[in-house]
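**Student:** To be precise about what I am sending: the file is called model.cif and holds mmCIF, N, CA and C atoms.
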data_data
#
loop_
_atom_site.label_atom_id
_atom_site.label_comp_id
_atom_site.auth_asym_id
_atom_site.auth_seq_id
_atom_site.Cartn_x
_atom_site.Cartn_y
_atom_site.Cartn_z
N MET A 368 103.25 102.28 52.71
CA MET A 368 104.42 101.54 53.11
C MET A 368 104.45 100.22 52.34
N ASP A 369 105.59 99.87 51.80
CA ASP A 369 105.78 98.59 51.12
C ASP A 369 105.85 97.47 52.16
N ASP A 370 105.65 96.24 51.69
CA ASP A 370 105.73 95.09 52.58
C ASP A 370 106.46 93.97 51.85
N VAL A 371 106.93 92.99 52.59
CA VAL A 371 107.62 91.84 52.01
C VAL A 371 106.96 90.57 52.54
N LEU A 372 106.56 89.69 51.63
CA LEU A 372 105.95 88.42 52.02
C LEU A 372 107.02 87.48 52.56
N PRO A 373 106.62 86.45 53.29
CA PRO A 373 107.60 85.51 53.85
C PRO A 373 108.53 84.87 52.82
N ASP A 374 108.04 84.74 51.57
CA ASP A 374 108.89 84.12 50.53
C ASP A 374 109.80 85.14 49.84
N GLY A 375 109.75 86.40 50.27
CA GLY A 375 110.64 87.42 49.72
C GLY A 375 110.02 88.33 48.69
N HIS A 376 108.80 88.05 48.22
CA HIS A 376 108.15 88.92 47.24
C HIS A 376 107.84 90.28 47.87
N VAL A 377 108.16 91.33 47.15
CA VAL A 377 107.89 92.68 47.62
C VAL A 377 106.51 93.12 47.15
N ILE A 378 105.73 93.68 48.06
CA ILE A 378 104.41 94.21 47.75
C ILE A 378 104.47 95.72 47.94
N LYS A 379 104.25 96.44 46.87
CA LYS A 379 104.32 97.90 46.90
C LYS A 379 103.02 98.50 47.43
N ARG A 380 103.13 99.63 48.06
CA ARG A 380 101.98 100.35 48.58
C ARG A 380 100.99 100.62 47.44
N GLY A 381 99.71 100.35 47.74
CA GLY A 381 98.66 100.60 46.75
C GLY A 381 98.36 99.42 45.83
N TRP A 382 99.19 98.38 45.85
CA TRP A 382 98.93 97.21 45.01
C TRP A 382 97.72 96.46 45.55
N PHE A 383 96.98 95.81 44.67
CA PHE A 383 95.87 94.95 45.04
C PHE A 383 96.32 93.51 44.88
N ILE A 384 96.22 92.73 45.94
CA ILE A 384 96.67 91.34 45.93
C ILE A 384 95.46 90.44 46.09
N THR A 385 95.39 89.39 45.30
CA THR A 385 94.32 88.40 45.42
C THR A 385 94.88 87.02 45.15
N TYR A 386 94.13 86.01 45.46
CA TYR A 386 94.53 84.63 45.16
C TYR A 386 93.28 83.85 44.76
N ASN A 387 93.49 82.73 44.11
CA ASN A 387 92.40 81.92 43.61
C ASN A 387 92.44 80.56 44.30
N THR A 388 91.51 80.32 45.22
CA THR A 388 91.52 79.06 45.97
C THR A 388 91.27 77.87 45.07
N TYR A 389 90.46 78.05 44.02
CA TYR A 389 90.20 76.96 43.07
C TYR A 389 91.52 76.54 42.40
N ALA A 390 92.28 77.52 41.96
CA ALA A 390 93.56 77.22 41.31
C ALA A 390 94.56 76.64 42.31
N MET A 391 94.58 77.17 43.54
CA MET A 391 95.51 76.65 44.54
C MET A 391 95.24 75.18 44.85
N GLY A 392 93.99 74.76 44.78
CA GLY A 392 93.64 73.38 45.03
C GLY A 392 94.06 72.44 43.91
N ARG A 393 94.58 72.99 42.83
CA ARG A 393 94.99 72.21 41.67
C ARG A 393 96.43 72.49 41.24
N MET A 394 97.24 72.98 42.18
CA MET A 394 98.62 73.33 41.85
C MET A 394 99.59 72.21 42.21
N GLU A 395 100.37 71.79 41.24
CA GLU A 395 101.37 70.75 41.48
C GLU A 395 102.38 71.18 42.53
N SER A 396 102.74 72.46 42.54
CA SER A 396 103.73 72.94 43.50
C SER A 396 103.23 72.85 44.94
N ILE A 397 101.93 72.79 45.15
CA ILE A 397 101.37 72.68 46.50
C ILE A 397 101.05 71.23 46.84
N TRP A 398 100.42 70.49 45.93
CA TRP A 398 99.89 69.16 46.23
C TRP A 398 100.69 68.01 45.64
N GLY A 399 101.69 68.29 44.82
CA GLY A 399 102.49 67.21 44.24
C GLY A 399 102.03 66.82 42.85
N LYS A 400 102.75 65.89 42.25
CA LYS A 400 102.49 65.48 40.87
C LYS A 400 101.11 64.86 40.68
N ASP A 401 100.55 64.28 41.73
CA ASP A 401 99.24 63.64 41.63
C ASP A 401 98.10 64.57 42.04
N PHE A 402 98.31 65.88 41.89
CA PHE A 402 97.34 66.88 42.33
C PHE A 402 95.96 66.68 41.71
N GLY A 403 95.88 66.13 40.52
CA GLY A 403 94.60 65.98 39.84
C GLY A 403 93.86 64.69 40.17
N GLU A 404 94.47 63.84 40.98
CA GLU A 404 93.85 62.56 41.32
C GLU A 404 93.00 62.69 42.58
N PHE A 405 91.89 61.95 42.62
CA PHE A 405 91.04 61.91 43.80
C PHE A 405 91.70 60.99 44.81
N LYS A 406 92.25 61.56 45.86
CA LYS A 406 92.96 60.81 46.89
C LYS A 406 92.58 61.34 48.27
N PRO A 407 91.46 60.87 48.82
CA PRO A 407 91.04 61.36 50.14
C PRO A 407 92.08 61.11 51.22
N GLU A 408 92.95 60.12 51.02
CA GLU A 408 93.96 59.82 52.04
C GLU A 408 94.96 60.96 52.22
N ARG A 409 94.94 61.93 51.33
CA ARG A 409 95.80 63.12 51.51
C ARG A 409 95.51 63.78 52.86
N TRP A 410 94.27 63.70 53.29
CA TRP A 410 93.84 64.39 54.50
C TRP A 410 93.60 63.45 55.66
N LEU A 411 94.13 62.23 55.57
CA LEU A 411 93.92 61.25 56.64
C LEU A 411 95.24 60.77 57.22
N ASP A 412 95.27 60.58 58.52
CA ASP A 412 96.42 60.00 59.22
C ASP A 412 95.96 58.73 59.92
N SER A 413 96.85 57.74 59.99
CA SER A 413 96.58 56.52 60.74
C SER A 413 96.90 56.75 62.21
N VAL A 414 95.98 56.35 63.07
CA VAL A 414 96.18 56.48 64.51
C VAL A 414 95.92 55.12 65.13
N ARG A 415 96.90 54.63 65.91
CA ARG A 415 96.75 53.33 66.57
C ARG A 415 96.33 53.55 68.01
N GLY A 416 95.48 52.64 68.48
CA GLY A 416 95.06 52.71 69.87
C GLY A 416 94.11 51.59 70.19
N GLY A 417 94.27 50.99 71.35
CA GLY A 417 93.39 49.91 71.77
C GLY A 417 93.43 48.71 70.85
N GLY A 418 94.59 48.46 70.23
CA GLY A 418 94.72 47.32 69.34
C GLY A 418 94.09 47.54 67.96
N ARG A 419 93.67 48.76 67.70
CA ARG A 419 93.03 49.07 66.41
C ARG A 419 93.74 50.24 65.74
N THR A 420 93.56 50.33 64.45
CA THR A 420 94.06 51.48 63.70
C THR A 420 92.87 52.22 63.11
N ALA A 421 92.83 53.52 63.30
CA ALA A 421 91.74 54.34 62.77
C ALA A 421 92.32 55.42 61.88
N MET A 422 91.52 55.90 60.97
CA MET A 422 91.92 57.00 60.12
C MET A 422 91.24 58.26 60.65
N VAL A 423 92.02 59.30 60.87
CA VAL A 423 91.48 60.57 61.36
C VAL A 423 91.85 61.69 60.39
N CYS A 424 90.99 62.68 60.35
CA CYS A 424 91.20 63.81 59.45
C CYS A 424 92.35 64.68 59.94
N ARG A 425 93.27 64.99 59.04
CA ARG A 425 94.41 65.85 59.36
C ARG A 425 94.10 67.26 58.86
N GLN A 426 94.24 68.23 59.71
CA GLN A 426 94.00 69.61 59.32
C GLN A 426 95.19 70.14 58.52
N GLU A 427 94.93 70.64 57.33
CA GLU A 427 95.98 71.27 56.54
C GLU A 427 96.17 72.71 57.02
N SER A 428 97.32 73.24 56.72
CA SER A 428 97.57 74.65 57.03
C SER A 428 96.54 75.50 56.28
N PRO A 429 95.92 76.47 56.94
CA PRO A 429 94.96 77.32 56.24
C PRO A 429 95.61 78.17 55.16
N PHE A 430 96.93 78.27 55.18
CA PHE A 430 97.63 79.01 54.12
C PHE A 430 97.84 78.13 52.89
N LYS A 431 97.80 76.82 53.08
CA LYS A 431 97.95 75.87 51.97
C LYS A 431 96.58 75.53 51.38
N TYR A 432 95.59 75.40 52.23
CA TYR A 432 94.23 75.03 51.86
C TYR A 432 93.29 76.10 52.41
N PRO A 433 93.19 77.26 51.73
CA PRO A 433 92.55 78.44 52.33
C PRO A 433 91.04 78.55 52.13
N VAL A 434 90.30 77.44 52.27
CA VAL A 434 88.86 77.52 52.05
C VAL A 434 88.15 78.40 53.08
N PHE A 435 88.73 78.54 54.25
CA PHE A 435 88.17 79.43 55.28
C PHE A 435 89.08 80.65 55.49
N HIS A 436 89.99 80.87 54.56
CA HIS A 436 90.99 81.94 54.66
C HIS A 436 91.94 81.64 55.82
N ALA A 437 92.79 82.58 56.17
CA ALA A 437 93.81 82.31 57.17
C ALA A 437 94.22 83.59 57.87
N GLY A 438 94.99 83.42 58.92
CA GLY A 438 95.53 84.58 59.63
C GLY A 438 94.46 85.34 60.39
N PRO A 439 94.64 86.65 60.55
CA PRO A 439 93.72 87.43 61.37
C PRO A 439 92.32 87.56 60.75
N ARG A 440 92.18 87.20 59.47
CA ARG A 440 90.87 87.31 58.82
C ARG A 440 90.25 85.94 58.54
N ILE A 441 90.65 84.93 59.32
CA ILE A 441 90.09 83.59 59.14
C ILE A 441 88.59 83.63 59.44
N CYS A 442 87.83 82.81 58.77
CA CYS A 442 86.38 82.76 58.93
C CYS A 442 86.02 82.43 60.37
N LEU A 443 85.19 83.26 60.98
CA LEU A 443 84.78 83.04 62.36
C LEU A 443 83.88 81.82 62.49
N GLY A 444 83.24 81.39 61.41
CA GLY A 444 82.34 80.25 61.45
C GLY A 444 82.99 78.92 61.11
N LYS A 445 84.32 78.91 60.91
CA LYS A 445 85.01 77.68 60.50
C LYS A 445 84.77 76.53 61.46
N ASP A 446 85.00 76.74 62.74
CA ASP A 446 84.84 75.67 63.71
C ASP A 446 83.39 75.18 63.78
N MET A 447 82.44 76.10 63.69
CA MET A 447 81.03 75.70 63.70
C MET A 447 80.70 74.89 62.45
N ALA A 448 81.25 75.25 61.31
CA ALA A 448 81.01 74.49 60.08
C ALA A 448 81.53 73.06 60.22
N TYR A 449 82.73 72.89 60.80
CA TYR A 449 83.28 71.55 61.00
C TYR A 449 82.42 70.74 61.99
N ILE A 450 81.96 71.37 63.05
CA ILE A 450 81.11 70.68 64.02
C ILE A 450 79.81 70.23 63.35
N GLN A 451 79.21 71.11 62.55
CA GLN A 451 77.96 70.76 61.88
C GLN A 451 78.15 69.61 60.90
N ILE A 452 79.16 69.65 60.07
CA ILE A 452 79.33 68.60 59.08
C ILE A 452 79.63 67.27 59.74
N LYS A 453 80.45 67.28 60.79
CA LYS A 453 80.75 66.02 61.48
C LYS A 453 79.51 65.43 62.14
N SER A 454 78.70 66.25 62.78
CA SER A 454 77.51 65.73 63.46
C SER A 454 76.47 65.25 62.46
N ILE A 455 76.31 65.94 61.35
CA ILE A 455 75.34 65.53 60.33
C ILE A 455 75.78 64.22 59.67
N VAL A 456 77.05 64.13 59.30
CA VAL A 456 77.56 62.90 58.69
C VAL A 456 77.43 61.72 59.65
N ALA A 457 77.78 61.91 60.91
CA ALA A 457 77.67 60.83 61.89
C ALA A 457 76.22 60.39 62.06
N ALA A 458 75.29 61.34 62.14
CA ALA A 458 73.88 61.00 62.31
C ALA A 458 73.34 60.25 61.09
N VAL A 459 73.67 60.69 59.90
CA VAL A 459 73.17 60.05 58.68
C VAL A 459 73.78 58.67 58.50
N LEU A 460 75.11 58.56 58.64
CA LEU A 460 75.77 57.28 58.36
C LEU A 460 75.49 56.21 59.41
N THR A 461 75.09 56.58 60.63
CA THR A 461 74.72 55.55 61.60
C THR A 461 73.33 54.99 61.32
N ARG A 462 72.49 55.75 60.65
CA ARG A 462 71.12 55.32 60.38
C ARG A 462 70.89 54.82 58.96
N PHE A 463 71.73 55.27 58.03
CA PHE A 463 71.49 54.95 56.62
C PHE A 463 72.76 54.49 55.93
N ARG A 464 72.57 53.71 54.88
CA ARG A 464 73.66 53.34 53.98
C ARG A 464 73.51 54.24 52.76
N VAL A 465 74.57 54.93 52.39
CA VAL A 465 74.54 55.86 51.27
C VAL A 465 75.46 55.33 50.18
N ASP A 466 74.88 55.03 49.02
CA ASP A 466 75.66 54.54 47.89
C ASP A 466 75.67 55.60 46.79
N VAL A 467 76.86 55.98 46.35
CA VAL A 467 76.99 56.95 45.27
C VAL A 467 76.72 56.24 43.95
N LEU A 468 75.82 56.79 43.15
CA LEU A 468 75.51 56.22 41.84
C LEU A 468 76.50 56.78 40.80
N ASN A 469 76.66 56.09 39.72
CA ASN A 469 77.57 56.52 38.64
C ASN A 469 78.98 56.78 39.17
N ARG A 470 79.47 55.87 40.00
CA ARG A 470 80.79 56.01 40.63
C ARG A 470 81.94 56.20 39.65
N ASN A 471 81.82 55.66 38.47
CA ASN A 471 82.94 55.68 37.52
C ASN A 471 82.95 56.91 36.63
N SER A 472 81.99 57.81 36.80
CA SER A 472 81.99 59.03 36.00
C SER A 472 82.35 60.21 36.89
N ARG A 473 83.02 61.17 36.30
CA ARG A 473 83.42 62.36 37.05
C ARG A 473 82.33 63.42 36.94
N PRO A 474 81.87 63.95 38.06
CA PRO A 474 80.82 64.98 38.01
C PRO A 474 81.33 66.24 37.31
N GLU A 475 80.43 66.89 36.61
CA GLU A 475 80.78 68.16 35.97
C GLU A 475 80.69 69.26 37.01
N GLU A 476 81.68 70.15 37.03
CA GLU A 476 81.71 71.24 38.01
C GLU A 476 80.97 72.45 37.48
N VAL A 477 80.29 73.14 38.37
CA VAL A 477 79.62 74.39 38.05
C VAL A 477 80.36 75.48 38.80
N LEU A 478 80.97 76.39 38.08
CA LEU A 478 81.71 77.48 38.72
C LEU A 478 80.73 78.55 39.17
N SER A 479 80.76 78.86 40.44
CA SER A 479 79.92 79.90 41.01
C SER A 479 80.64 80.41 42.26
N LEU A 480 79.94 81.12 43.11
CA LEU A 480 80.58 81.61 44.33
C LEU A 480 81.15 80.45 45.13
N THR A 481 80.40 79.35 45.16
CA THR A 481 80.91 78.11 45.76
C THR A 481 80.93 77.06 44.66
N LEU A 482 81.92 76.19 44.69
CA LEU A 482 82.04 75.15 43.67
C LEU A 482 81.03 74.05 43.96
N ARG A 483 80.25 73.70 42.96
CA ARG A 483 79.25 72.64 43.14
C ARG A 483 79.22 71.75 41.92
N MET A 484 78.51 70.63 42.05
CA MET A 484 78.40 69.66 40.96
C MET A 484 77.13 69.91 40.18
N LYS A 485 77.24 69.88 38.85
CA LYS A 485 76.07 70.04 37.99
C LYS A 485 75.13 68.86 38.23
N GLY A 486 73.91 69.15 38.59
CA GLY A 486 72.94 68.09 38.84
C GLY A 486 73.07 67.44 40.21
N GLY A 487 73.97 67.93 41.05
CA GLY A 487 74.16 67.36 42.38
C GLY A 487 74.90 66.03 42.34
N LEU A 488 74.93 65.33 43.44
CA LEU A 488 75.58 64.03 43.54
C LEU A 488 74.49 62.97 43.71
N PRO A 489 74.23 62.19 42.65
CA PRO A 489 73.18 61.17 42.76
C PRO A 489 73.59 60.05 43.70
N VAL A 490 72.74 59.77 44.68
CA VAL A 490 73.00 58.71 45.66
C VAL A 490 71.73 57.89 45.88
N ARG A 491 71.92 56.68 46.39
CA ARG A 491 70.80 55.86 46.85
C ARG A 491 70.95 55.73 48.36
N VAL A 492 69.90 56.04 49.09
CA VAL A 492 69.93 56.01 50.55
C VAL A 492 68.97 54.92 51.03
N ARG A 493 69.50 54.02 51.87
CA ARG A 493 68.70 52.93 52.43
C ARG A 493 68.91 52.88 53.92
N PRO A 494 67.85 52.56 54.66
CA PRO A 494 68.02 52.43 56.12
C PRO A 494 68.94 51.27 56.45
N ARG A 495 69.72 51.42 57.49
CA ARG A 495 70.53 50.31 58.00
C ARG A 495 69.64 49.41 58.83
N SER A 496 70.02 48.16 58.95
CA SER A 496 69.24 47.24 59.78
C SER A 496 69.43 47.58 61.25
N ALA A 497 68.52 47.14 62.07
CA ALA A 497 68.60 47.41 63.51
C ALA A 497 69.84 46.79 64.13
N ALA A 498 70.33 45.69 63.56
CA ALA A 498 71.50 45.00 64.09
C ALA A 498 72.80 45.71 63.69
N GLY A 499 72.71 46.70 62.82
CA GLY A 499 73.93 47.42 62.41
C GLY A 499 74.78 46.65 61.43
N ASP A 500 74.17 45.72 60.70
CA ASP A 500 74.90 44.91 59.72
C ASP A 500 75.46 45.82 58.63
N GLU A 501 76.76 45.76 58.39
CA GLU A 501 77.41 46.58 57.38
C GLU A 501 76.99 46.19 55.97
N ARG A 502 76.45 44.98 55.81
CA ARG A 502 76.09 44.52 54.47
C ARG A 502 74.69 44.93 54.07
N ASP A 503 73.93 45.57 54.96
CA ASP A 503 72.52 45.86 54.65
C ASP A 503 72.35 46.93 53.60
#
Starting from the file, lay out its structure as structure tokens.

**Tutor:**
Amino acid sequence: MDDVLPDGHVIKRGWFITYNTYAMGRMESIWGKDFGEFKPERWLDSVRGGGRTAMVCRQESPFKYPVFHAGPRICLGKDMAYIQIKSIVAAVLTRFRVDVLNRNSRPEEVLSLTLRMKGGLPVRVRPRSAAGDERD
């Protein structure tokens, strides 16, 4: 049986359909003219409360940013992955100051099953002071 995608494209019976998440993450039609720029604020919203403004992570549509896939075949471990990364980052950043070295150079990408940086991300990690001084 043939099928029709929401945008009107017809998919014939027996066709093999695939997509490239790496390419989708770099498409002007999805992310805008500045798609190639490092802009973490793309995924942040300002939230006001208690006289303060905080930045919170905004969840993108899994069909736009399909790192965990979408629909009925979405990754069952997605929520656990988010819980783990948030708890690890919170634990590390409350105890240590992490400075990225070579900030002005762009890391070289290594294409594999998962996208990673050649040589990793060089950082300097120092304990925070007991008083929680941001300058330590």

**Student:** Would you work out the distance separating CA of Ile441 in chain A from atom N of Leu488 in chain A, expressed in Å to one decimal?

**Tutor:**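 Distance between the two atoms: 28.5 Å.
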
**Student:** Running the PyMOL selection byres (((chain A and resi 422-437 and name CA) around 10) and name CA) on this model by hand, what would come out? Give it as a PDB file with N, CA and C atoms, in the coordinates of the input.

**Tutor:**
ATOM      1  N   TYR A 386      94.130  86.010  45.460  1.00  0.00           N
ATOM      2  CA  TYR A 386      94.530  84.630  45.160  1.00  0.00           C
ATOM      3  C   TYR A 386      93.280  83.850  44.760  1.00  0.00           C
ATOM      4  N   ASN A 387      93.490  82.730  44.110  1.00  0.00           N
ATOM      5  CA  ASN A 387      92.400  81.920  43.610  1.00  0.00           C
ATOM      6  C   ASN A 387      92.440  80.560  44.300  1.00  0.00           C
ATOM      7  N   THR A 388      91.510  80.320  45.220  1.00  0.00           N
ATOM      8  CA  THR A 388      91.520  79.060  45.970  1.00  0.00           C
ATOM      9  C   THR A 388      91.270  77.870  45.070  1.00  0.00           C
ATOM     10  N   TYR A 389      90.460  78.050  44.020  1.00  0.00           N
ATOM     11  CA  TYR A 389      90.200  76.960  43.070  1.00  0.00           C
ATOM     12  C   TYR A 389      91.520  76.540  42.400  1.00  0.00           C
ATOM     13  N   MET A 391      94.580  77.170  43.540  1.00  0.00           N
ATOM     14  CA  MET A 391      95.510  76.650  44.540  1.00  0.00           C
ATOM     15  C   MET A 391      95.240  75.180  44.850  1.00  0.00           C
ATOM     16  N   GLY A 392      93.990  74.760  44.780  1.00  0.00           N
ATOM     17  CA  GLY A 392      93.640  73.380  45.030  1.00  0.00           C
ATOM     18  C   GLY A 392      94.060  72.440  43.910  1.00  0.00           C
ATOM     19  N   ILE A 397     101.930  72.790  45.150  1.00  0.00           N
ATOM     20  CA  ILE A 397     101.370  72.680  46.500  1.00  0.00           C
ATOM     21  C   ILE A 397     101.050  71.230  46.840  1.00  0.00           C
ATOM     22  N   TRP A 398     100.420  70.490  45.930  1.00  0.00           N
ATOM     23  CA  TRP A 398      99.890  69.160  46.230  1.00  0.00           C
ATOM     24  C   TRP A 398     100.690  68.010  45.640  1.00  0.00           C
ATOM     25  N   PRO A 407      91.460  60.870  48.820  1.00  0.00           N
ATOM     26  CA  PRO A 407      91.040  61.360  50.140  1.00  0.00           C
ATOM     27  C   PRO A 407      92.080  61.110  51.220  1.00  0.00           C
ATOM     28  N   GLU A 408      92.950  60.120  51.020  1.00  0.00           N
ATOM     29  CA  GLU A 408      93.960  59.820  52.040  1.00  0.00           C
ATOM     30  C   GLU A 408      94.960  60.960  52.220  1.00  0.00           C
ATOM     31  N   ARG A 409      94.940  61.930  51.330  1.00  0.00           N
ATOM     32  CA  ARG A 409      95.800  63.120  51.510  1.00  0.00           C
ATOM     33  C   ARG A 409      95.510  63.780  52.860  1.00  0.00           C
ATOM     34  N   TRP A 410      94.270  63.700  53.290  1.00  0.00           N
ATOM     35  CA  TRP A 410      93.840  64.390  54.500  1.00  0.00           C
ATOM     36  C   TRP A 410      93.600  63.450  55.660  1.00  0.00           C
ATOM     37  N   LEU A 411      94.130  62.230  55.570  1.00  0.00           N
ATOM     38  CA  LEU A 411      93.920  61.250  56.640  1.00  0.00           C
ATOM     39  C   LEU A 411      95.240  60.770  57.220  1.00  0.00           C
ATOM     40  N   ASP A 412      95.270  60.580  58.520  1.00  0.00           N
ATOM     41  CA  ASP A 412      96.420  60.000  59.220  1.00  0.00           C
ATOM     42  C   ASP A 412      95.960  58.730  59.920  1.00  0.00           C
ATOM     43  N   SER A 413      96.850  57.740  59.990  1.00  0.00           N
ATOM     44  CA  SER A 413      96.580  56.520  60.740  1.00  0.00           C
ATOM     45  C   SER A 413      96.900  56.750  62.210  1.00  0.00           C
ATOM     46  N   VAL A 414      95.980  56.350  63.070  1.00  0.00           N
ATOM     47  CA  VAL A 414      96.180  56.480  64.510  1.00  0.00           C
ATOM     48  C   VAL A 414      95.920  55.120  65.130  1.00  0.00           C
ATOM     49  N   ARG A 415      96.900  54.630  65.910  1.00  0.00           N
ATOM     50  CA  ARG A 415      96.750  53.330  66.570  1.00  0.00           C
ATOM     51  C   ARG A 415      96.330  53.550  68.010  1.00  0.00           C
ATOM     52  N   THR A 420      93.560  50.330  64.450  1.00  0.00           N
ATOM     53  CA  THR A 420      94.060  51.480  63.700  1.00  0.00           C
ATOM     54  C   THR A 420      92.870  52.220  63.110  1.00  0.00           C
ATOM     55  N   ALA A 421      92.830  53.520  63.300  1.00  0.00           N
ATOM     56  CA  ALA A 421      91.740  54.340  62.770  1.00  0.00           C
ATOM     57  C   ALA A 421      92.320  55.420  61.880  1.00  0.00           C
ATOM     58  N   GLY A 438      94.990  83.420  58.920  1.00  0.00           N
ATOM     59  CA  GLY A 438      95.530  84.580  59.630  1.00  0.00           C
ATOM     60  C   GLY A 438      94.460  85.340  60.390  1.00  0.00           C
ATOM     61  N   PRO A 439      94.640  86.650  60.550  1.00  0.00           N
ATOM     62  CA  PRO A 439      93.720  87.430  61.370  1.00  0.00           C
ATOM     63  C   PRO A 439      92.320  87.560  60.750  1.00  0.00           C
ATOM     64  N   ARG A 440      92.180  87.200  59.470  1.00  0.00           N
ATOM     65  CA  ARG A 440      90.870  87.310  58.820  1.00  0.00           C
ATOM     66  C   ARG A 440      90.250  85.940  58.540  1.00  0.00           C
ATOM     67  N   ILE A 441      90.650  84.930  59.320  1.00  0.00           N
ATOM     68  CA  ILE A 441      90.090  83.590  59.140  1.00  0.00           C
ATOM     69  C   ILE A 441      88.590  83.630  59.440  1.00  0.00           C
ATOM     70  N   CYS A 442      87.830  82.810  58.770  1.00  0.00           N
ATOM     71  CA  CYS A 442      86.380  82.760  58.930  1.00  0.00           C
ATOM     72  C   CYS A 442      86.020  82.430  60.370  1.00  0.00           C
ATOM     73  N   LEU A 443      85.190  83.260  60.980  1.00  0.00           N
ATOM     74  CA  LEU A 443      84.780  83.040  62.360  1.00  0.00           C
ATOM     75  C   LEU A 443      83.880  81.820  62.490  1.00  0.00           C
ATOM     76  N   GLY A 444      83.240  81.390  61.410  1.00  0.00           N
ATOM     77  CA  GLY A 444      82.340  80.250  61.450  1.00  0.00           C
ATOM     78  C   GLY A 444      82.990  78.920  61.110  1.00  0.00           C
ATOM     79  N   LYS A 445      84.320  78.910  60.910  1.00  0.00           N
ATOM     80  CA  LYS A 445      85.010  77.680  60.500  1.00  0.00           C
ATOM     81  C   LYS A 445      84.770  76.530  61.460  1.00  0.00           C
ATOM     82  N   ASP A 446      85.000  76.740  62.740  1.00  0.00           N
ATOM     83  CA  ASP A 446      84.840  75.670  63.710  1.00  0.00           C
ATOM     84  C   ASP A 446      83.390  75.180  63.780  1.00  0.00           C
ATOM     85  N   ALA A 448      81.250  75.250  61.310  1.00  0.00           N
ATOM     86  CA  ALA A 448      81.010  74.490  60.080  1.00  0.00           C
ATOM     87  C   ALA A 448      81.530  73.060  60.220  1.00  0.00           C
TER      88      ALA A 448
END

**Student:** In Å, with one decimal, what is the gap from CA of Pro489 in chain A to CA of Asn469 in chain A?

**Tutor:**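 CA of Pro489 in chain A sits 7.6 Å away from CA of Asn469 in chain A.
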
**Student:** Could you work out how far atom N of Ile455 in chain A lies from atom C of Gly417 in chain A, giving the answer in Å with one decimal?

**Tutor:** 26.1 Å

**Student:** Name the residues of range 385-436 of chain A that come out as alpha helix (DSSP H) in a backbone DSSP run; write them as an MDAnalysis selection string.

**Tutor:** chainID A and resid 388:391 395:398

**Student:** Could you list the residues chosen by the PyMOL selection byres ((chain A and resi 493) around 6.5) in this structure as a PyMOL selection string?

**Tutor:** chain A and resi 462-466+491-492+494-495

**Student:** Reconstruct all heavy atoms of range 392-396 of chain A; output as a PDB file, keeping the file's coordinate frame.

**Tutor:**
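Saved to part-v2.pdb:
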ATOM      1  N   GLY A 392      93.990  74.760  44.780  1.00  0.00           N
ATOM      2  CA  GLY A 392      93.640  73.380  45.030  1.00  0.00           C
ATOM      3  C   GLY A 392      94.060  72.440  43.910  1.00  0.00           C
ATOM      4  O   GLY A 392      93.933  71.226  44.027  1.00  0.00           O
ATOM      5  N   ARG A 393      94.580  72.990  42.830  1.00  0.00           N
ATOM      6  CA  ARG A 393      94.990  72.210  41.670  1.00  0.00           C
ATOM      7  C   ARG A 393      96.430  72.490  41.240  1.00  0.00           C
ATOM      8  O   ARG A 393      96.792  72.271  40.108  1.00  0.00           O
ATOM      9  CB  ARG A 393      94.031  72.485  40.523  1.00  0.00           C
ATOM     10  CG  ARG A 393      92.674  71.854  40.781  1.00  0.00           C
ATOM     11  CD  ARG A 393      91.536  72.625  40.172  1.00  0.00           C
ATOM     12  NE  ARG A 393      90.262  72.007  40.516  1.00  0.00           N
ATOM     13  CZ  ARG A 393      89.626  72.193  41.656  1.00  0.00           C
ATOM     14  NH1 ARG A 393      90.117  72.970  42.583  1.00  0.00           N
ATOM     15  NH2 ARG A 393      88.481  71.599  41.902  1.00  0.00           N
ATOM     16  N   MET A 394      97.240  72.980  42.180  1.00  0.00           N
ATOM     17  CA  MET A 394      98.620  73.330  41.850  1.00  0.00           C
ATOM     18  C   MET A 394      99.590  72.210  42.210  1.00  0.00           C
ATOM     19  O   MET A 394      99.631  71.764  43.361  1.00  0.00           O
ATOM     20  CB  MET A 394      99.026  74.618  42.577  1.00  0.00           C
ATOM     21  CG  MET A 394      98.328  75.846  42.057  1.00  0.00           C
ATOM     22  SD  MET A 394      98.768  77.340  42.973  1.00  0.00           S
ATOM     23  CE  MET A 394     100.473  77.516  42.517  1.00  0.00           C
ATOM     24  N   GLU A 395     100.370  71.790  41.240  1.00  0.00           N
ATOM     25  CA  GLU A 395     101.370  70.750  41.480  1.00  0.00           C
ATOM     26  C   GLU A 395     102.380  71.180  42.530  1.00  0.00           C
ATOM     27  O   GLU A 395     102.815  70.378  43.352  1.00  0.00           O
ATOM     28  CB  GLU A 395     102.085  70.410  40.167  1.00  0.00           C
ATOM     29  CG  GLU A 395     103.101  69.312  40.298  1.00  0.00           C
ATOM     30  CD  GLU A 395     103.771  68.946  38.987  1.00  0.00           C
ATOM     31  OE1 GLU A 395     103.207  69.209  37.917  1.00  0.00           O
ATOM     32  OE2 GLU A 395     104.882  68.392  39.049  1.00  0.00           O
ATOM     33  N   SER A 396     102.740  72.460  42.540  1.00  0.00           N
ATOM     34  CA  SER A 396     103.730  72.940  43.500  1.00  0.00           C
ATOM     35  C   SER A 396     103.230  72.850  44.940  1.00  0.00           C
ATOM     36  O   SER A 396     104.030  72.816  45.871  1.00  0.00           O
ATOM     37  CB  SER A 396     104.126  74.385  43.174  1.00  0.00           C
ATOM     38  OG  SER A 396     103.001  75.240  43.251  1.00  0.00           O
TER      39      SER A 396
END
